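This report concerns only the one structure given below.
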Amino acid sequence: MSLFRPRSIRLAAAALALSLLLPACGFHLRNALTLPPDLGPVDIVSSDPYSRLARSVERALAAAGAEIAEPRAEDVAVLNIQSERWAALPASLDAQGRAQEYTLRYAVVFSMRDADGRDVVPQQAIELARDYLAPPTDAIGADSERELLSRELEREMTASIIRRIDAVFRNPQERARR
């Protein structure tokens with residue numbers, strides 16, 4: 001009796017073939033955030049002193065190896081989160097004209113300067129949106145769903161900001177034009 005059944009051999013061969021083809025399609029894991037060694041400490045400044053996004057970006061930069069400057073320090077790179085805006089807009093209505101579904105929008109405007117005051121990441125806006133149901137007749141869980149979505153959007157916004165910073169430092173031609 002054979003140790004391997006023909007079906008398990010075919011499955012193993014298919015898995016091996018797929019794993020060998022994966023790099024050919026261009027898929028690759030993201031590398032860690034690239035920050036130049038001469039950037040120095042980074043100060044995260046926000047228009048909202050209690051911004052959860054600013055703290056989240058600070059943690060992400062620290063995890064990437066950036067040195068976080070003391071607040072309002074001199075001669076440091078500055079990541080400036082100029083504005084954060086939240087909005088919950090009705091997306092659909094029921095027969096009585098009450099909102100059934102909402103779109104939660106999160107928009108952030110930010111920029112980054114190096115210690116010499118030169119723009120490293122020019123001012124730009126990122127907007128994220130998610131839809132959620134909140135039937136007026138069944139409000140149980142609607143607030144917690146919105147809170148979960150807002151936390152998810154904050155995580156995604158942090159990742160988006162970090163990716164944009166990373167893209168600038170990975171593309172030296174783009175930085176040279178500034």
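Ordering of the structure tokens sets the chain letters (A, B, ...), residue numbers begin anew at 1 in every chain, and ligands are numbered from 1 in the order given.
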Might you pull out every residue within 7 Å of Ser92 (chain A), with only C-alpha atoms counted and same-chain residues fewer than 6 positions away left off, and present them as an mmCIF file with N, CA, C and O atoms, in the first residue's frame?
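Result went into result04.cif, see below:
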data_model
loop_
_atom_site.group_PDB
_atom_site.id
_atom_site.type_symbol
_atom_site.label_atom_id
_atom_site.label_comp_id
_atom_site.auth_asym_id
_atom_site.auth_seq_id
_atom_site.Cartn_x
_atom_site.Cartn_y
_atom_site.Cartn_z
ATOM 1 N N ALA A 99 -33.001 57.944 7.991
ATOM 2 C CA ALA A 99 -31.745 57.370 7.497
ATOM 3 C C ALA A 99 -31.632 55.907 7.918
ATOM 4 O O ALA A 99 -31.861 55.567 9.073
ATOM 5 N N GLN A 100 -31.290 55.055 6.971
ATOM 6 C CA GLN A 100 -31.102 53.630 7.219
ATOM 7 C C GLN A 100 -29.621 53.250 7.189
ATOM 8 O O GLN A 100 -29.187 52.380 7.894
ATOM 9 N N GLU A 101 -28.904 53.916 6.310
ATOM 10 C CA GLU A 101 -27.499 53.598 6.087
ATOM 11 C C GLU A 101 -26.720 54.909 6.083
ATOM 12 O O GLU A 101 -27.207 55.917 5.587
#
Counting only C-alpha atoms, which residues in region 28-87 of chain A sit no more than 10 Å from region 107-118 of chain A? For each one, give the nearest pair of atoms and the distance in Å, sorted by chain then residue number, as a Markdown table.
| residue | atom | partner | partner_atom | distance |
| --- | --- | --- | --- | --- |
| A:Asp38 | CA | A:Asp114 | CA | 9.5 |
| A:Leu39 | CA | A:Asp114 | CA | 6.6 |
| A:Gly40 | CA | A:Ala115 | CA | 7.7 |
| A:Pro41 | CA | A:Ala115 | CA | 8.6 |
| A:Val42 | CA | A:Asp114 | CA | 8.4 |
| A:Asp43 | CA | A:Met112 | CA | 9.7 |
| A:Ile44 | CA | A:Met112 | CA | 9.1 |
| A:Val45 | CA | A:Phe110 | CA | 9.7 |
| A:Ser46 | CA | A:Phe110 | CA | 9.0 |
| A:Leu53 | CA | A:Val108 | CA | 9.5 |
| A:Glu74 | CA | A:Ala115 | CA | 8.2 |
| A:Asp75 | CA | A:Ala115 | CA | 4.9 |
| A:Val76 | CA | A:Ala115 | CA | 4.4 |
| A:Ala77 | CA | A:Asp114 | CA | 4.1 |
| A:Val78 | CA | A:Arg113 | CA | 5.3 |
| A:Leu79 | CA | A:Met112 | CA | 4.3 |
| A:Asn80 | CA | A:Ser111 | CA | 5.4 |
| A:Ile81 | CA | A:Phe110 | CA | 4.4 |
| A:Gln82 | CA | A:Phe110 | CA | 5.4 |
| A:Ser83 | CA | A:Val109 | CA | 5.3 |
| A:Glu84 | CA | A:Val108 | CA | 4.6 |
| A:Arg85 | CA | A:Ala107 | CA | 5.1 |
| A:Trp86 | CA | A:Ala107 | CA | 6.7 |
| A:Ala87 | CA | A:Ala107 | CA | 8.8 |
| query | Using only C-alpha atoms, which of the listed residues (A:Ala62, A:Leu128, A:Leu133, A:Ala88) sits closest to Ile162 (chain A)? | reply | A:Ala62
| said: Write out as a PyMOL selection string the set of residues from chain A that DSSP, computed on the backbone, places in alpha helix (DSSP H). | reply: chain A and resi 6-21+52-63+142-170+172-176
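Closest approach to Arg146 (chain A) from the set A:Ala167, A:Leu104, A:Ala14, A:Ile161 is made by A:Leu104, with distances taken over only C-alpha atoms.
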| field | Minimum-distance residue to Ser160 (chain A), chosen among A:Leu148, A:Leu89, A:Ala15, A:Ile126 (using only C-alpha atoms) | value |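 Using only C-alpha atoms, the shortest distance to Ser160 (chain A) belongs to A:Ile126.
The two atoms in question, CA of Pro36 (chain A) and CA of Thr158 (chain A), are spaced 19.6 Å apart.
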| request: Would you return as a ChimeraX atom specification the members of region 46-89 of chain A that DSSP assigns to strand (DSSP E) on this structure's backbone? | output: /A:46,77-89
| Separation of CA of Ser51 (chain A) from CA of Ala91 (chain A) in Å |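 About the pair CA of Ala91 (chain A) and CA of Ser51 (chain A): they are 27.3 Å apart.
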| Which neighbours of Pro90 (chain A) fall inside 12 Å, counting only C-alpha atoms, when residues of the same chain fewer than 4 positions from it are skipped, and could you give them as a ChimeraX atom specification? | /A:94,97-105,130-136
